[in-house]
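Below is one structure; the comments refer to it alone.
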Amino acid sequence: MSLLLENRRDPLLSLQARCLAADIGGTNARFATAALGNNDRIRLGAQRNLKVADYEGVESALESYFRESGEPVPERAVLAVAGAVLDDQVILTNSRWSFSIRALKQRIGFRELQVINDFAAVAWAVPGLGEADLHPIGSAPGAAFDTAAVQVVLGPGTGLGAAAIRRDARGLAVLETEGGHASFAPHDEREIFILRFLQKRYGRVSYERLLCGEGLVNLHDACLHMARGRDQRLPDSEAVVAAARAGDPDARSAIDLFCSILGRFAGDAVLLYGGWAGVFLAGGLLPHVLDARGEALFRAAFIDKGRFSPLLSRTPTFRIVAADIGTLGAARVGLTG
């Protein structure tokens, strides 16, 4: 089964839609009407990308969505949110939005309203992806879509998301984890220096301190200090990538380290979860760091597991290139959950 993304409005969706799917982050709120099309493909229609800053809350954003799209309010909705769910209350990270699930359900008119973690939505989308939605990193003879195996999903972005997918005769299950907060384990003298450098800043150093947007900046800080003994913090990951492209050796070293550490973390995740059916990477930062050189570094570190290297060499790794993956995952939960 593959997921189909449609940008145009489809009249069949208006008549037969069973779910409102949303992916709500700190900057953007993406809404779509979802339905199962031919061959059980998930179809998205009436898509809208709203700026969080333009609305007082999710209530007014949803009302605007239905008003502007002309779509009827479906009975079921699934919202994937970047934030915490505390009983009935949802508090979004990096946003002033918060809401009550019961109050939102009543105000908009949903019969069922489910709120899930935004990275869990990414994981739920993975089993429906096709070859066109994935960019292979390296080559491996393993079967990525074995129906009786575990897959690992990792997402270096604002933070470091980690999840596992189990598929067997009983069906599909997504295991949400906080694996990104596992303690960073340095691999050599250079990484020991980085660990000590960041310990002075944070105390305990998790993988998320290195494998996210801010983590790339942290790595550049450490590389600059290690090579030149000075501090010159760049404002964000985009600045590090731009500096590397302009030939800055410390920025290039930071990106190389990012790719190697990500590969090693991904390999550890396979060992921890038994994820022999493949690793899937999501996140907007990845296309800027996983060039041919970065992919080679990632794959080499991924496989470098001593006695388990032969098994890791057979485990495929992919970067997800499908658009609106969080919305697609929310749709999958709403339509098949």
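Labels used: A, B, ... for chains in the order of the structure tokens, numbers from 1 for residues in each chain, and numbers from 1 for ligands as shown.
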Counting only C-alpha atoms, which residues of region 53-172 of chain A fall within 12 Å of region 287-294 of chain A, and what is the closest atom pair for each with its distance in Å at one decimal, ordered by chain and rising number, as CSV?
residue,atom,partner,partner_atom,distance
A:His135,CA,A:Pro287,CA,10.3
A:Pro136,CA,A:Leu290,CA,11.3
A:Ile137,CA,A:Leu290,CA,8.9
A:Gly138,CA,A:Ala292,CA,9.6
A:Pro156,CA,A:Val289,CA,11.2
A:Gly157,CA,A:Pro287,CA,11.6
### Query
Just asking: which residues within region 84-264 of chain A are alpha helix (DSSP H) according to DSSP, as a VMD selection string?
chain A and resid 101 to 108 118 to 125 189 to 202 213 to 228 237 to 245 249 to 264
### Message
Which residues are near Phe184 (chain A)? Cut-off 7 Å, only C-alpha atoms, ignore same chain within fewer than 6 positions. Put them as a VMD selection string.
### Response
chain A and resid 205 to 207
Sorted by chain and rising residue number, which residues of region 94-163 of chain A lie within 8 Å of region 52-63 of chain A, and what are their closest atom pairs and distances in Å to one decimal, counting only C-alpha atoms, as JSON lines?
{"residue": "A:Ser95", "atom": "CA", "partner": "A:Val52", "partner_atom": "CA", "distance": 7.7}
{"residue": "A:Arg96", "atom": "CA", "partner": "A:Gly57", "partner_atom": "CA", "distance": 7.9}
{"residue": "A:Trp97", "atom": "CA", "partner": "A:Gly57", "partner_atom": "CA", "distance": 5.2}
{"residue": "A:Ser98", "atom": "CA", "partner": "A:Gly57", "partner_atom": "CA", "distance": 7.0}
{"residue": "A:Phe99", "atom": "CA", "partner": "A:Val58", "partner_atom": "CA", "distance": 7.3}
{"residue": "A:Leu104", "atom": "CA", "partner": "A:Glu59", "partner_atom": "CA", "distance": 6.4}
{"residue": "A:Arg107", "atom": "CA", "partner": "A:Glu59", "partner_atom": "CA", "distance": 7.7}
{"residue": "A:Ile108", "atom": "CA", "partner": "A:Glu63", "partner_atom": "CA", "distance": 7.3}
Each residue of region 208-245 of chain A lying at most 12 Å from region 280-283 of chain A should get a row with its shortest atom-to-atom pair and the distance in Å to one decimal, counting only C-alpha atoms; could you produce that, ordered by chain and increasing number, as a Markdown table?
| residue | atom | partner | partner_atom | distance |
| --- | --- | --- | --- | --- |
| A:Leu211 | CA | A:Gly283 | CA | 11.1 |
| A:Cys212 | CA | A:Gly283 | CA | 9.3 |
| A:Gly213 | CA | A:Gly283 | CA | 10.0 |
Please produce an output containing C-alpha atoms for each residue in the selection, written as a PDB file, in the first residue's frame.
ATOM      1  CA  LEU A 211      21.531  15.252  16.682  1.00  0.00           C
ATOM      2  CA  CYS A 212      19.079  18.066  16.029  1.00  0.00           C
ATOM      3  CA  GLY A 213      19.227  21.571  14.598  1.00  0.00           C
TER       4      GLY A 213
END
### Query
Which residues, written as an NGL selection string, have at least one atom at most 6 Å from region 321-337 of chain A, with only C-alpha atoms counted and residues fewer than 4 positions away on the same chain left out?
:A and (19 or 21-23 or 34 or 78 or 121-122 or 124-125 or 133-134)
### Query
What's the 12 Å shell around Thr317 (chain A), counting only C-alpha atoms, without same-chain residues fewer than 4 positions away, as a PyMOL selection string?
chain A and resi 134-145+151-154+262-263+266-267+270+275-282+295-296+298-300+302-303+312-313
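Separating CA of Asn94 (chain A) from CA of Tyr202 (chain A) is a distance of 20.2 Å.
Compared by their closest atoms to Asn49 (chain A), and using only C-alpha atoms, the residues A:Asp231, A:Glu75, A:Asp118, A:Glu68 rank with A:Glu68 nearest.
Among A:Pro235, A:Pro72, A:Gly83, A:Gly130, the residue with the shortest atom-to-atom distance to Phe110 (chain A), counting only C-alpha atoms, is A:Pro72.
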### Query
Any idea what the distance is between CA of Gly45 (chain A) and CA of Ala173 (chain A)?
26.2 Å
### CA of Ala246 (chain A) to CA of Phe193 (chain A), straight-line distance in Å
25.7 Å
### Message
Please list as an MDAnalysis selection string every residue within 12 Å of Arg245 (chain A), counting only C-alpha atoms and excluding residues in the same chain fewer than 5 positions away.
### Response
chainID A and resid 238:240 250:253 255 288:289 291
Those residues with N, CA and C atoms, as a compact mmCIF listing (two decimals), in the first residue's frame please?
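File written: out_9.txt
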# COMPACT_ATOMS: atom_id res chain seq x y z
N GLU A 238 21.20 26.31 9.83
CA GLU A 238 21.32 26.81 8.46
C GLU A 238 22.64 27.54 8.27
N ALA A 239 23.08 28.27 9.28
CA ALA A 239 24.35 28.99 9.19
C ALA A 239 25.53 28.02 9.14
N VAL A 240 25.42 26.90 9.87
CA VAL A 240 26.49 25.90 9.83
C VAL A 240 26.57 25.28 8.44
N ASP A 250 35.72 23.87 9.85
CA ASP A 250 35.11 23.50 11.13
C ASP A 250 33.63 23.17 10.95
N ALA A 251 32.96 23.90 10.07
CA ALA A 251 31.56 23.60 9.78
C ALA A 251 31.44 22.25 9.09
N ARG A 252 32.37 21.96 8.17
CA ARG A 252 32.35 20.66 7.49
C ARG A 252 32.62 19.53 8.48
N SER A 253 33.53 19.76 9.42
CA SER A 253 33.80 18.75 10.44
C SER A 253 32.57 18.50 11.30
N ILE A 255 29.42 18.80 10.38
CA ILE A 255 28.47 18.01 9.60
C ILE A 255 28.92 16.56 9.49
N HIS A 288 20.15 18.54 3.85
CA HIS A 288 21.24 19.51 3.84
C HIS A 288 22.55 18.94 4.39
N VAL A 289 22.47 17.83 5.09
CA VAL A 289 23.69 17.26 5.68
C VAL A 289 24.02 15.88 5.10
N ASP A 291 24.52 14.52 2.20
CA ASP A 291 24.94 14.46 0.81
C ASP A 291 25.67 13.13 0.61
### Query
as number ranges by chain, which residues of region 84-225 of chain A does DSSP assign to strand (DSSP E)?
A: 84-86, 89-92, 98-100, 112-117, 134-136, 149-156, 160-168, 171-177
Which residues, written as a compact mmCIF listing (two decimals) with C-alpha atoms, in the first residue's frame, have at least one atom at most 6 Å from region 174-177 of chain A, with only C-alpha atoms counted and residues fewer than 2 positions away on the same chain left out?
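Written output follows (around_8.txt):
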# COMPACT_ATOMS: atom_id res chain seq x y z
CA ALA A 162 12.68 7.96 18.02
CA ALA A 163 10.03 5.28 17.54
CA ALA A 164 9.73 1.63 16.57
CA ILE A 165 7.13 -0.10 14.41
CA GLY A 179 15.37 7.32 22.77
